[in-house]
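Next comes protein_26.txt, a file with compact mmCIF, N, CA and C atoms.
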# COMPACT_ATOMS: atom_id res chain seq x y z
N MET A 232 122.74 73.13 129.47
CA MET A 232 121.76 74.09 129.90
C MET A 232 122.39 75.46 130.10
N GLN A 233 123.62 75.50 130.60
CA GLN A 233 124.33 76.75 130.81
C GLN A 233 124.41 77.56 129.51
N GLY A 234 124.68 76.89 128.39
CA GLY A 234 124.79 77.56 127.10
C GLY A 234 123.50 78.22 126.68
N ARG A 235 122.39 77.54 126.85
CA ARG A 235 121.09 78.11 126.48
C ARG A 235 120.75 79.32 127.33
N ASP A 236 121.02 79.25 128.61
CA ASP A 236 120.76 80.39 129.49
C ASP A 236 121.58 81.59 129.06
N HIS A 237 122.82 81.34 128.69
CA HIS A 237 123.70 82.41 128.23
C HIS A 237 123.14 83.06 126.95
N ILE A 238 122.69 82.24 126.04
CA ILE A 238 122.12 82.75 124.78
C ILE A 238 120.86 83.56 125.06
N HIS A 239 120.01 83.07 125.96
CA HIS A 239 118.79 83.81 126.30
C HIS A 239 119.11 85.15 126.95
N ARG A 240 120.10 85.17 127.83
CA ARG A 240 120.50 86.43 128.47
C ARG A 240 121.08 87.40 127.44
N LEU A 241 121.90 86.88 126.54
CA LEU A 241 122.48 87.69 125.48
C LEU A 241 121.38 88.32 124.62
N HIS A 242 120.42 87.50 124.21
CA HIS A 242 119.33 88.03 123.38
C HIS A 242 118.46 89.02 124.16
N ALA A 243 118.20 88.75 125.41
CA ALA A 243 117.39 89.67 126.23
C ALA A 243 118.08 91.03 126.34
N ARG A 244 119.37 91.02 126.51
CA ARG A 244 120.12 92.28 126.58
C ARG A 244 120.06 93.00 125.23
N GLY A 245 120.23 92.26 124.15
CA GLY A 245 120.11 92.85 122.82
C GLY A 245 118.73 93.43 122.58
N GLU A 246 117.71 92.73 123.04
CA GLU A 246 116.32 93.21 122.89
C GLU A 246 116.12 94.53 123.64
N ARG A 247 116.64 94.62 124.85
CA ARG A 247 116.53 95.88 125.62
C ARG A 247 117.24 97.02 124.90
N LEU A 248 118.42 96.75 124.36
CA LEU A 248 119.15 97.77 123.62
C LEU A 248 118.40 98.18 122.36
N TYR A 249 117.83 97.20 121.66
CA TYR A 249 117.06 97.50 120.46
C TYR A 249 115.86 98.39 120.78
N GLN A 250 115.18 98.11 121.87
CA GLN A 250 114.02 98.92 122.25
C GLN A 250 114.41 100.38 122.47
N ARG A 251 115.60 100.61 123.00
CA ARG A 251 116.08 101.99 123.20
C ARG A 251 116.47 102.67 121.89
N LEU A 252 116.97 101.89 120.92
CA LEU A 252 117.42 102.44 119.65
C LEU A 252 116.32 102.58 118.60
N LYS A 253 115.24 101.83 118.81
CA LYS A 253 114.18 101.69 117.83
C LYS A 253 113.66 103.02 117.26
N SER A 254 113.32 103.96 118.10
CA SER A 254 112.73 105.21 117.62
C SER A 254 113.74 106.02 116.78
N LYS A 255 115.00 105.87 117.07
CA LYS A 255 116.05 106.57 116.31
C LYS A 255 116.26 105.91 114.94
N LEU A 256 116.20 104.57 114.90
CA LEU A 256 116.55 103.83 113.68
C LEU A 256 115.39 103.61 112.72
N GLU A 257 114.17 103.41 113.22
CA GLU A 257 113.05 103.03 112.36
C GLU A 257 112.76 104.02 111.24
N PRO A 258 112.74 105.33 111.49
CA PRO A 258 112.39 106.24 110.39
C PRO A 258 113.33 106.13 109.17
N ARG A 259 114.58 105.88 109.42
CA ARG A 259 115.56 105.85 108.32
C ARG A 259 115.87 104.44 107.80
N TYR A 260 115.84 103.44 108.69
CA TYR A 260 116.33 102.10 108.34
C TYR A 260 115.28 101.00 108.41
N LYS A 261 114.00 101.32 108.43
CA LYS A 261 112.96 100.28 108.58
C LYS A 261 113.14 99.20 107.51
N GLY A 262 113.12 97.94 107.98
CA GLY A 262 113.27 96.79 107.09
C GLY A 262 114.70 96.31 106.94
N GLN A 263 115.67 97.12 107.36
CA GLN A 263 117.06 96.70 107.26
C GLN A 263 117.46 95.88 108.48
N ILE A 264 118.61 95.25 108.40
CA ILE A 264 119.09 94.37 109.46
C ILE A 264 120.01 95.14 110.40
N LEU A 265 119.87 94.87 111.68
CA LEU A 265 120.65 95.51 112.73
C LEU A 265 121.38 94.45 113.52
N ALA A 266 122.68 94.63 113.72
CA ALA A 266 123.47 93.77 114.61
C ALA A 266 123.94 94.66 115.76
N ILE A 267 123.59 94.28 116.98
CA ILE A 267 124.01 95.04 118.15
C ILE A 267 125.07 94.24 118.89
N GLU A 268 126.22 94.87 119.12
CA GLU A 268 127.26 94.27 119.96
C GLU A 268 126.84 94.56 121.39
N VAL A 269 126.44 93.53 122.11
CA VAL A 269 125.71 93.73 123.37
C VAL A 269 126.55 94.27 124.53
N GLU A 270 127.85 94.12 124.49
CA GLU A 270 128.67 94.65 125.59
C GLU A 270 128.82 96.17 125.50
N SER A 271 129.01 96.69 124.29
CA SER A 271 129.25 98.12 124.12
C SER A 271 128.00 98.88 123.68
N ALA A 272 126.97 98.17 123.24
CA ALA A 272 125.73 98.75 122.69
C ALA A 272 125.97 99.45 121.35
N GLN A 273 127.12 99.21 120.73
CA GLN A 273 127.36 99.74 119.40
C GLN A 273 126.72 98.80 118.39
N TYR A 274 126.45 99.32 117.19
CA TYR A 274 125.69 98.52 116.23
C TYR A 274 126.12 98.77 114.80
N VAL A 275 125.66 97.87 113.93
CA VAL A 275 125.90 97.94 112.49
C VAL A 275 124.55 97.73 111.82
N VAL A 276 124.28 98.51 110.77
CA VAL A 276 123.03 98.39 110.01
C VAL A 276 123.37 98.12 108.56
N GLY A 277 122.57 97.27 107.90
CA GLY A 277 122.78 96.98 106.49
C GLY A 277 121.55 96.36 105.87
N LYS A 278 121.65 96.09 104.57
CA LYS A 278 120.49 95.61 103.82
C LYS A 278 120.23 94.12 103.95
N ASP A 279 121.25 93.32 104.25
CA ASP A 279 121.02 91.88 104.40
C ASP A 279 121.88 91.31 105.52
N GLU A 280 121.51 90.12 105.94
CA GLU A 280 122.13 89.49 107.10
C GLU A 280 123.62 89.25 106.91
N LEU A 281 124.01 88.77 105.74
CA LEU A 281 125.42 88.47 105.50
C LEU A 281 126.26 89.74 105.53
N GLN A 282 125.80 90.78 104.85
CA GLN A 282 126.52 92.05 104.83
C GLN A 282 126.71 92.58 106.26
N VAL A 283 125.64 92.55 107.05
CA VAL A 283 125.70 93.06 108.42
C VAL A 283 126.61 92.19 109.28
N ALA A 284 126.50 90.88 109.15
CA ALA A 284 127.34 89.98 109.95
C ALA A 284 128.82 90.20 109.64
N LEU A 285 129.17 90.32 108.37
CA LEU A 285 130.57 90.53 107.99
C LEU A 285 131.08 91.87 108.51
N LYS A 286 130.28 92.92 108.39
CA LYS A 286 130.69 94.24 108.91
C LYS A 286 130.85 94.20 110.42
N ALA A 287 129.93 93.52 111.11
CA ALA A 287 129.97 93.46 112.57
C ALA A 287 131.20 92.70 113.06
N VAL A 288 131.50 91.57 112.45
CA VAL A 288 132.67 90.77 112.86
C VAL A 288 133.96 91.53 112.58
N LYS A 289 134.00 92.26 111.49
CA LYS A 289 135.20 93.05 111.17
C LYS A 289 135.37 94.21 112.16
N ARG A 290 134.27 94.86 112.50
CA ARG A 290 134.33 96.02 113.39
C ARG A 290 134.52 95.62 114.86
N PHE A 291 133.95 94.48 115.24
CA PHE A 291 134.02 94.01 116.64
C PHE A 291 134.50 92.56 116.69
N PRO A 292 135.75 92.29 116.37
CA PRO A 292 136.22 90.90 116.33
C PRO A 292 136.08 90.20 117.68
N GLY A 293 135.61 88.96 117.64
CA GLY A 293 135.49 88.14 118.84
C GLY A 293 134.30 88.47 119.73
N LYS A 294 133.43 89.39 119.30
CA LYS A 294 132.28 89.79 120.12
C LYS A 294 131.03 89.02 119.70
N LYS A 295 129.98 89.16 120.51
CA LYS A 295 128.70 88.49 120.24
C LYS A 295 127.65 89.54 119.90
N PHE A 296 126.69 89.14 119.07
CA PHE A 296 125.71 90.08 118.54
C PHE A 296 124.29 89.56 118.68
N SER A 297 123.37 90.50 118.74
CA SER A 297 121.94 90.21 118.59
C SER A 297 121.52 90.85 117.28
N PHE A 298 120.75 90.10 116.49
CA PHE A 298 120.30 90.59 115.18
C PHE A 298 118.82 90.87 115.21
N PHE A 299 118.42 91.95 114.52
CA PHE A 299 117.02 92.36 114.44
C PHE A 299 116.74 92.89 113.05
N ARG A 300 115.48 92.78 112.61
CA ARG A 300 115.03 93.49 111.42
C ARG A 300 114.33 94.73 111.94
N ILE A 301 114.85 95.88 111.62
CA ILE A 301 114.37 97.14 112.18
C ILE A 301 112.91 97.38 111.79
N GLY A 302 112.09 97.57 112.83
CA GLY A 302 110.67 97.84 112.62
C GLY A 302 109.79 96.61 112.54
N TYR A 303 110.37 95.42 112.69
CA TYR A 303 109.61 94.17 112.60
C TYR A 303 109.91 93.30 113.81
N PRO A 304 108.96 92.43 114.18
CA PRO A 304 109.17 91.61 115.37
C PRO A 304 110.18 90.47 115.21
N VAL A 305 110.45 90.05 113.98
CA VAL A 305 111.39 88.95 113.74
C VAL A 305 112.29 89.25 112.55
N VAL A 306 113.44 88.59 112.50
CA VAL A 306 114.35 88.78 111.38
C VAL A 306 113.84 88.01 110.16
N HIS A 307 113.39 86.77 110.36
CA HIS A 307 112.92 85.92 109.26
C HIS A 307 111.55 85.36 109.56
N LYS A 308 110.76 85.22 108.52
CA LYS A 308 109.50 84.50 108.63
C LYS A 308 109.46 83.55 107.44
N LEU A 309 109.43 82.27 107.72
CA LEU A 309 109.37 81.25 106.66
C LEU A 309 107.95 80.73 106.55
N ARG A 310 107.48 80.64 105.34
CA ARG A 310 106.13 80.12 105.13
C ARG A 310 106.17 79.03 104.08
N ARG A 311 105.32 78.05 104.30
CA ARG A 311 105.17 76.96 103.34
C ARG A 311 103.69 76.77 103.12
N GLN A 312 103.30 76.66 101.88
CA GLN A 312 101.91 76.42 101.57
C GLN A 312 101.81 75.20 100.67
N ILE A 313 100.90 74.31 101.03
CA ILE A 313 100.67 73.11 100.23
C ILE A 313 99.22 73.15 99.77
N CYS A 314 99.04 73.02 98.48
CA CYS A 314 97.69 73.00 97.93
C CYS A 314 97.49 71.66 97.24
N LEU A 315 96.46 70.94 97.62
CA LEU A 315 96.14 69.64 97.04
C LEU A 315 94.73 69.70 96.45
N LYS A 316 94.56 69.14 95.29
CA LYS A 316 93.23 69.12 94.69
C LYS A 316 92.70 67.70 94.73
N VAL A 317 91.82 67.45 95.68
CA VAL A 317 91.18 66.15 95.83
C VAL A 317 89.69 66.48 95.96
N GLY A 318 89.06 66.70 94.86
CA GLY A 318 87.67 67.12 94.89
C GLY A 318 87.54 68.62 95.15
N GLN A 319 88.36 69.11 96.03
CA GLN A 319 88.38 70.55 96.33
C GLN A 319 89.79 70.97 96.72
N LEU A 320 90.02 72.24 96.77
CA LEU A 320 91.33 72.77 97.11
C LEU A 320 91.50 72.78 98.62
N VAL A 321 92.59 72.20 99.07
CA VAL A 321 92.91 72.16 100.49
C VAL A 321 94.22 72.91 100.66
N THR A 322 94.27 73.78 101.63
CA THR A 322 95.49 74.54 101.86
C THR A 322 95.97 74.33 103.29
N GLU A 323 97.25 74.07 103.44
CA GLU A 323 97.88 73.95 104.75
C GLU A 323 98.98 75.00 104.80
N SER A 324 99.01 75.76 105.87
CA SER A 324 100.04 76.78 106.01
C SER A 324 100.88 76.50 107.23
N LEU A 325 102.15 76.77 107.13
CA LEU A 325 103.08 76.65 108.24
C LEU A 325 103.86 77.95 108.28
N SER A 326 103.92 78.56 109.43
CA SER A 326 104.65 79.81 109.57
C SER A 326 105.62 79.68 110.72
N LEU A 327 106.92 79.91 110.46
CA LEU A 327 107.96 79.87 111.47
C LEU A 327 108.60 81.23 111.54
N GLU A 328 108.88 81.70 112.74
CA GLU A 328 109.51 82.99 112.91
C GLU A 328 110.84 82.82 113.60
N PHE A 329 111.86 83.52 113.11
CA PHE A 329 113.19 83.46 113.67
C PHE A 329 113.64 84.84 114.05
N ASN A 330 114.19 84.96 115.22
CA ASN A 330 114.74 86.24 115.65
C ASN A 330 116.11 86.04 116.20
Now that the file is in, can you turn its structure into structure tokens?
Amino acid sequence: MQGRDHIHRLHARGERLYQRLKSKLEPRYKGQILAIEVESAQYVVGKDELQVALKAVKRFPGKKFSFFRIGYPVVHKLRRQICLKVGQLVTESLSLEFN
């Protein structure tokens, strides 16, 4: 339980920092990925998660990060759609959001 609380606190701090940076970053970087090093409030921006993660780890070795998609509520949204034809078309949708 201690680990989960730590992760939630880490993300909450990252969220507060993101809210302060948002107006500065959105006009130029909307849709890009942001990694915030939560202790120093310094950050890295890039086009994809892997690029940003590698830059962040290189720039801040041993630190922890919160990741955000600039201008969007979540980093990833996964969707699955199943269509079955049994007399008529039936559609089932599943949407998962990751931040």
Distance of atom C of A:His239 from atom C of A:Lys261, expressed in Å to one decimal place
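Between these atoms lies a distance of 24.7 Å.
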Quick one: residues within 9 Å of stretch 281-292 of chain A, only C-alpha atoms, excluding same-chain residues fewer than 3 positions away - as JSON, numbers by chain?
{"A": [264, 265, 266, 267, 268, 274, 275, 276, 277, 278, 295, 296, 298]}
Would you work out the distance separating atom C of A:Gln250 from atom N of A:Arg235, expressed in Å to one decimal?
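Computed distance, atom C of A:Gln250 to atom N of A:Arg235, equals 24.6 Å.
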Take the point (115.4, 94.6, 119.0) as written in the file and pick out every residue within 8 Å of it, counting all atoms listed in the file; give the list as an MDAnalysis selection string.
chainID A and resid 244:253 297:304
How would the residues just chosen look if you wrote them out with N, CA and C atoms as a JSON list (two decimals), keeping the file's coordinate frame?
[["chain", "number", "residue", "atom", "x", "y", "z"],
["A", 244, "ARG", "N", 119.37, 91.02, 126.51],
["A", 244, "ARG", "CA", 120.12, 92.28, 126.58],
["A", 244, "ARG", "C", 120.06, 93.00, 125.23],
["A", 245, "GLY", "N", 120.23, 92.26, 124.15],
["A", 245, "GLY", "CA", 120.11, 92.85, 122.82],
["A", 245, "GLY", "C", 118.73, 93.43, 122.58],
["A", 246, "GLU", "N", 117.71, 92.73, 123.04],
["A", 246, "GLU", "CA", 116.32, 93.21, 122.89],
["A", 246, "GLU", "C", 116.12, 94.53, 123.64],
["A", 247, "ARG", "N", 116.64, 94.62, 124.85],
["A", 247, "ARG", "CA", 116.53, 95.88, 125.62],
["A", 247, "ARG", "C", 117.24, 97.02, 124.90],
["A", 248, "LEU", "N", 118.42, 96.75, 124.36],
["A", 248, "LEU", "CA", 119.15, 97.77, 123.62],
["A", 248, "LEU", "C", 118.40, 98.18, 122.36],
["A", 249, "TYR", "N", 117.83, 97.20, 121.66],
["A", 249, "TYR", "CA", 117.06, 97.50, 120.46],
["A", 249, "TYR", "C", 115.86, 98.39, 120.78],
["A", 250, "GLN", "N", 115.18, 98.11, 121.87],
["A", 250, "GLN", "CA", 114.02, 98.92, 122.25],
["A", 250, "GLN", "C", 114.41, 100.38, 122.47],
["A", 251, "ARG", "N", 115.60, 100.61, 123.00],
["A", 251, "ARG", "CA", 116.08, 101.99, 123.20],
["A", 251, "ARG", "C", 116.47, 102.67, 121.89],
["A", 252, "LEU", "N", 116.97, 101.89, 120.92],
["A", 252, "LEU", "CA", 117.42, 102.44, 119.65],
["A", 252, "LEU", "C", 116.32, 102.58, 118.60],
["A", 253, "LYS", "N", 115.24, 101.83, 118.81],
["A", 253, "LYS", "CA", 114.18, 101.69, 117.83],
["A", 253, "LYS", "C", 113.66, 103.02, 117.26],
["A", 297, "SER", "N", 123.37, 90.50, 118.74],
["A", 297, "SER", "CA", 121.94, 90.21, 118.59],
["A", 297, "SER", "C", 121.52, 90.85, 117.28],
["A", 298, "PHE", "N", 120.75, 90.10, 116.49],
["A", 298, "PHE", "CA", 120.30, 90.59, 115.18],
["A", 298, "PHE", "C", 118.82, 90.87, 115.21],
["A", 299, "PHE", "N", 118.42, 91.95, 114.52],
["A", 299, "PHE", "CA", 117.02, 92.36, 114.44],
["A", 299, "PHE", "C", 116.74, 92.89, 113.05],
["A", 300, "ARG", "N", 115.48, 92.78, 112.61],
["A", 300, "ARG", "CA", 115.03, 93.49, 111.42],
["A", 300, "ARG", "C", 114.33, 94.73, 111.94],
["A", 301, "ILE", "N", 114.85, 95.88, 111.62],
["A", 301, "ILE", "CA", 114.37, 97.14, 112.18],
["A", 301, "ILE", "C", 112.91, 97.38, 111.79],
["A", 302, "GLY", "N", 112.09, 97.57, 112.83],
["A", 302, "GLY", "CA", 110.67, 97.84, 112.62],
["A", 302, "GLY", "C", 109.79, 96.61, 112.54],
["A", 303, "TYR", "N", 110.37, 95.42, 112.69],
["A", 303, "TYR", "CA", 109.61, 94.17, 112.60],
["A", 303, "TYR", "C", 109.91, 93.30, 113.81],
["A", 304, "PRO", "N", 108.96, 92.43, 114.18],
["A", 304, "PRO", "CA", 109.17, 91.61, 115.37],
["A", 304, "PRO", "C", 110.18, 90.47, 115.21]]
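For the atom pair formed by atom CA of A:Ala243 and atom N of A:Val269, the distance is 10.7 Å, given to one decimal.
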Take every atom of stretch 255-259 of chain A listed in the file, pad by 5 Å on each side, and give me the axis-aligned box centre and edge lengths in Å, one decimal, as lines of an AutoDock Vina configuration file.
center_x = 114.5
center_y = 104.8
center_z = 112.4
size_x = 14.2
size_y = 13.5
size_z = 19.3
Based on the backbone DSSP call, show me all residues of stretch 237-323 of chain A assigned helix (DSSP H, G or I), as a PyMOL selection string.
chain A and resi 237-260+280-290
Calculated over all atoms listed in the file, which of the candidates A:Lys255, A:His237, A:Val306, A:Lys294 has the smallest distance to A:Glu270?
A:Lys294
List every residue of stretch 238-309 of chain A that DSSP, applied to the backbone of this structure, assigns to strand (DSSP E or B), and report them as number ranges by chain.
A: 264-268, 273-277, 296-300, 307-309
